[in-house]
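J.: Sending over a structure as structure tokens; questions will come in a sec.
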Amino acid sequence: MTAETVILAGYAAGLRFEDIPPEVVARAKDCIADTVAAVVFGHDLPWSAFVPADQYTVKLEGAELVGYQSVVIGSVRDPYIIRQIDEWLARLQDKIRSRVRDIYRDELRDNEYVLNVHVYGKNGTMGALEPVSNASPHELCLLFEVTAPTQEVATSIASITRHQALHLPIPEWSGLITALAAPFSPAYLERGPVYRFNVNHVVEVDDPLEMFRIEHVEVGS
Amino acid sequence: MTKLAELASLIRSKNAGPFQLTFDVMFDDRERYERVRASGRISAATIAKAYGVREADVMFFFVDNALAIKASIPRPVFQGDLGDPDGHGGQQYAPLMDIDI
């Protein structure tokens, strides 16, 4: 087995049932029940066949805590801003990052938090996959998504985001503008901890049971 | 010219695991399915172009006995990762609707 496989197998083997969050256990039960149901229903259909693999494998999947999230929802109706939204958002990112540096200095480096913006009305649904590049919407919804090491920091950056977005100027207007329509006050919503997939692995085991500890307990008399 | 959406009974997208996005184009009758298949207008290259991914990354199948076309591409953002706009991957099929057959 390769080094990564040994590490992952060690993690899986050392994991105690009590350490698994109840939601994960409930979801695992659902998945197993679903698989069994599909097998029972489909096993004798004409196009079904059991095809044993040459190598016995165990699938490992896992997730990790990324951080804590706060989001701000706002919208823009000014056509001057809408027509330069990408450039406006790039300037906004710079402003926010510079403000965060001023406040946190060495306590929070640039790469320790993530600020994503979903632009609904432009590519909010498809993001990088959106093929339409010449849409001309009359309004845009902006969803700012801040992920940071603690909820407190995420919310603080979300507040900075709201404040900077609210008044970020454009050349067409002179004086203070209010660029963002916010439906809520306070403008941020706390989303709590967020997770992401970090393990997708297949272990080729010598023995199907080698990764699993089995304890026999005698009950009754 | 007819749009793919007018010929198909269902065009849909969904996650195939957290790292892949899969598309199904399904038909109610063989005639329409064969017409689309014979047109040559839908292929791995079409999918690559519609989504701006490399053709080598597209898995593409005609499934004759199911009257269906299936294609899969890598997700640009893994399911649920920061910035993922569509956790179920369910609204990613729209660019396929307008393919001219």
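Note on naming: chains are A, B, ... as they come in the structure tokens, residues start from 1 per chain, ligands start from 1 in the order shown.
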Report as an MDAnalysis selection string all protein, DNA and RNA residues lying within 7 Å of range 90-98 of chain A, evaluated on only C-alpha atoms, omitting residues in the same chain fewer than 3 positions from it.

T.: chainID A and resid 86:87 101:102 160:161 164:165 168

J.: Deliver the residues from the most recent selection as a file, using N, CA, C and O atoms, as an mmCIF file, in the first residue's frame.

T.:
```cif
data_model
loop_
_atom_site.group_PDB
_atom_site.id
_atom_site.type_symbol
_atom_site.label_atom_id
_atom_site.label_comp_id
_atom_site.auth_asym_id
_atom_site.auth_seq_id
_atom_site.Cartn_x
_atom_site.Cartn_y
_atom_site.Cartn_z
ATOM 1 N N ASP A 86 -18.005 43.609 -12.843
ATOM 2 C CA ASP A 86 -16.792 42.810 -12.585
ATOM 3 C C ASP A 86 -15.666 43.686 -12.026
ATOM 4 O O ASP A 86 -14.993 43.320 -11.063
ATOM 5 N N GLU A 87 -15.501 44.834 -12.660
ATOM 6 C CA GLU A 87 -14.444 45.757 -12.248
ATOM 7 C C GLU A 87 -14.767 46.320 -10.854
ATOM 8 O O GLU A 87 -13.890 46.442 -9.992
ATOM 9 N N ARG A 101 -6.680 43.866 6.541
ATOM 10 C CA ARG A 101 -5.260 43.946 6.930
ATOM 11 C C ARG A 101 -5.056 45.029 7.992
ATOM 12 O O ARG A 101 -4.347 44.828 8.968
ATOM 13 N N ASP A 102 -5.711 46.191 7.793
ATOM 14 C CA ASP A 102 -5.590 47.286 8.758
ATOM 15 C C ASP A 102 -6.062 46.865 10.146
ATOM 16 O O ASP A 102 -5.475 47.228 11.158
ATOM 17 N N ILE A 160 -17.580 44.404 7.362
ATOM 18 C CA ILE A 160 -16.681 45.244 6.553
ATOM 19 C C ILE A 160 -17.134 45.205 5.089
ATOM 20 O O ILE A 160 -17.190 46.239 4.413
ATOM 21 N N THR A 161 -17.470 44.014 4.616
ATOM 22 C CA THR A 161 -17.904 43.832 3.228
ATOM 23 C C THR A 161 -19.125 44.692 2.927
ATOM 24 O O THR A 161 -19.178 45.422 1.930
ATOM 25 N N GLN A 164 -18.110 48.457 2.918
ATOM 26 C CA GLN A 164 -17.336 48.860 1.737
ATOM 27 C C GLN A 164 -18.207 48.822 0.475
ATOM 28 O O GLN A 164 -18.107 49.702 -0.377
ATOM 29 N N ALA A 165 -19.059 47.806 0.349
ATOM 30 C CA ALA A 165 -19.914 47.683 -0.841
ATOM 31 C C ALA A 165 -20.938 48.813 -0.872
ATOM 32 O O ALA A 165 -21.291 49.334 -1.938
ATOM 33 N N LEU A 168 -18.872 52.035 -2.159
ATOM 34 C CA LEU A 168 -17.766 52.007 -3.126
ATOM 35 C C LEU A 168 -18.109 52.886 -4.333
ATOM 36 O O LEU A 168 -19.082 52.624 -5.035
#
```

J.: Within 8 Å of chain A, which residues belong to chain B? Use only C-alpha atoms and report them as a list of chain:residue names.

T.: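 Filtering chain B at 8 Å from chain A with only C-alpha atoms gives B:Pro18, B:Ala50, B:Tyr51, B:Gly52, B:Pro76, B:Phe78, B:Gln79, B:Gly80, B:Asp81, B:Leu82, B:Gly83, B:Pro85, B:Asp86, B:Gln91, B:Gln92, B:Pro95.
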
J.: What's around range 45-47 of chain B at 10 Å? Count only C-alpha atoms, leave out sequence neighbours fewer than 2 positions away in its own chain, and write the answer as a VMD selection string.

T.: chain B and resid 23 40 to 43 49 to 56 58 to 60 71 to 73 95 to 96 99

J.: Sorted by chain and rising residue number, list the residues of range 23-117 of chain A at most 12 Å from range 173-187 of chain A (counting only C-alpha atoms), each with its closest atom pair and distance in Å to one decimal, as CSV.

T.:
```
residue,atom,partner,partner_atom,distance
A:Ser70,CA,A:Ala187,CA,10.0
A:Val71,CA,A:Ala187,CA,8.4
A:Val72,CA,A:Ala187,CA,5.7
A:Ile73,CA,A:Ala182,CA,6.5
A:Gly74,CA,A:Ala182,CA,4.5
A:Ser75,CA,A:Ala181,CA,5.0
A:Val76,CA,A:Leu180,CA,5.5
A:Arg77,CA,A:Ala181,CA,8.2
A:Asp78,CA,A:Ala179,CA,7.6
A:Pro79,CA,A:Ala179,CA,10.9
A:Tyr80,CA,A:Trp173,CA,9.0
A:Ile81,CA,A:Ala179,CA,7.9
A:Ile82,CA,A:Ala179,CA,10.3
A:Ile85,CA,A:Ala179,CA,11.2
A:Trp88,CA,A:Ala179,CA,10.5
A:Leu89,CA,A:Ala179,CA,11.6
A:Leu92,CA,A:Ala179,CA,11.4
```

J.: Those same residues - N, CA and C atoms - I'd like them written as a compact mmCIF listing (two decimals), in the first residue's frame.

T.:
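Output (out37.txt):
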```txt
# COMPACT_ATOMS: atom_id res chain seq x y z
N SER A 70 -20.24 33.69 7.30
CA SER A 70 -21.30 34.70 7.39
C SER A 70 -21.54 35.21 5.98
N VAL A 71 -22.79 35.49 5.67
CA VAL A 71 -23.12 35.95 4.32
C VAL A 71 -23.88 37.27 4.38
N VAL A 72 -23.76 38.04 3.30
CA VAL A 72 -24.50 39.28 3.16
C VAL A 72 -25.24 39.22 1.83
N ILE A 73 -26.53 39.50 1.86
CA ILE A 73 -27.33 39.53 0.63
C ILE A 73 -27.66 40.99 0.32
N GLY A 74 -27.41 41.40 -0.92
CA GLY A 74 -27.73 42.76 -1.33
C GLY A 74 -28.01 42.80 -2.82
N SER A 75 -28.47 43.94 -3.30
CA SER A 75 -28.74 44.01 -4.73
C SER A 75 -28.38 45.39 -5.28
N VAL A 76 -28.21 45.42 -6.61
CA VAL A 76 -27.80 46.63 -7.30
C VAL A 76 -28.78 46.91 -8.43
N ARG A 77 -29.21 48.18 -8.55
CA ARG A 77 -30.15 48.54 -9.60
C ARG A 77 -29.59 49.61 -10.54
N ASP A 78 -28.52 50.29 -10.12
CA ASP A 78 -27.93 51.37 -10.92
C ASP A 78 -27.24 50.80 -12.17
N PRO A 79 -27.72 51.17 -13.38
CA PRO A 79 -27.13 50.61 -14.61
C PRO A 79 -25.65 50.96 -14.78
N TYR A 80 -25.21 52.09 -14.20
CA TYR A 80 -23.78 52.44 -14.28
C TYR A 80 -22.94 51.40 -13.55
N ILE A 81 -23.43 50.97 -12.37
CA ILE A 81 -22.69 49.96 -11.61
C ILE A 81 -22.80 48.60 -12.31
N ILE A 82 -24.02 48.28 -12.77
CA ILE A 82 -24.24 46.97 -13.38
C ILE A 82 -23.34 46.77 -14.60
N ILE A 85 -19.84 45.75 -13.38
CA ILE A 85 -19.92 44.99 -12.13
C ILE A 85 -18.63 44.20 -11.83
N TRP A 88 -16.05 46.64 -10.64
CA TRP A 88 -16.49 47.17 -9.34
C TRP A 88 -16.23 46.15 -8.23
N LEU A 89 -16.55 44.88 -8.51
CA LEU A 89 -16.34 43.83 -7.50
C LEU A 89 -14.85 43.58 -7.26
N LEU A 92 -13.80 46.25 -5.06
CA LEU A 92 -14.38 46.00 -3.73
C LEU A 92 -13.54 44.97 -2.96
```

J.: Report, in Å to a single decimal, how far apart CA of Val39 in chain A and CA of Tyr93 in chain B are.

T.: 29.4 Å

J.: Looking only at strand (DSSP E) from DSSP on the backbone, list the matching residues of chain B as an MDAnalysis selection string.

T.: chainID B and resid 10:15 20:26 59:63 68:74

J.: Would you mind exporting C-alpha atoms of the selected residues as a tab-separated table (two decimals), in the first residue's frame?

T.:
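This went into out12.tsv:
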```
chain	number	residue	atom	x	y	z
B	10	LEU	CA	-36.29	15.65	-20.34
B	11	ILE	CA	-32.92	17.39	-20.14
B	12	ARG	CA	-31.46	17.35	-16.68
B	13	SER	CA	-28.24	17.76	-14.71
B	14	LYS	CA	-27.16	16.42	-11.35
B	15	ASN	CA	-24.13	15.46	-9.31
B	20	GLN	CA	-18.56	15.18	-11.36
B	21	LEU	CA	-21.55	16.81	-12.97
B	22	THR	CA	-23.69	14.61	-15.19
B	23	PHE	CA	-26.27	15.42	-17.87
B	24	ASP	CA	-29.13	13.25	-19.15
B	25	VAL	CA	-31.01	13.96	-22.36
B	26	MET	CA	-33.99	11.62	-22.61
B	59	MET	CA	-17.45	11.39	-20.81
B	60	PHE	CA	-20.12	10.98	-23.47
B	61	PHE	CA	-22.50	8.13	-24.29
B	62	PHE	CA	-25.45	7.37	-26.53
B	63	VAL	CA	-27.58	4.84	-24.66
B	68	ALA	CA	-31.00	8.66	-23.85
B	69	ILE	CA	-27.76	10.60	-24.09
B	70	LYS	CA	-25.50	10.83	-21.07
B	71	ALA	CA	-22.51	13.10	-20.55
B	72	SER	CA	-20.37	13.92	-17.52
B	73	ILE	CA	-17.84	16.68	-16.86
B	74	PRO	CA	-15.64	17.51	-13.87
```

J.: How far is it from CA of Leu8 in chain A to CA of Gly17 in chain B, in Å with one decimal?

T.: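 Computed distance, CA of Leu8 in chain A to CA of Gly17 in chain B, equals 19.6 Å.
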
J.: Hey, can you check how far CA of Val25 in chain A sits from CA of His43 in chain A?

T.: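 Taking CA of Val25 in chain A and CA of His43 in chain A, their separation equals 26.5 Å.
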
J.: Residues near range 31-36 of chain B, anyone? I mean within 7 Å using only C-alpha atoms, not counting same-chain ones fewer than 5 positions away, as an NGL selection string.

T.: :B and (7 or 67 or 101)
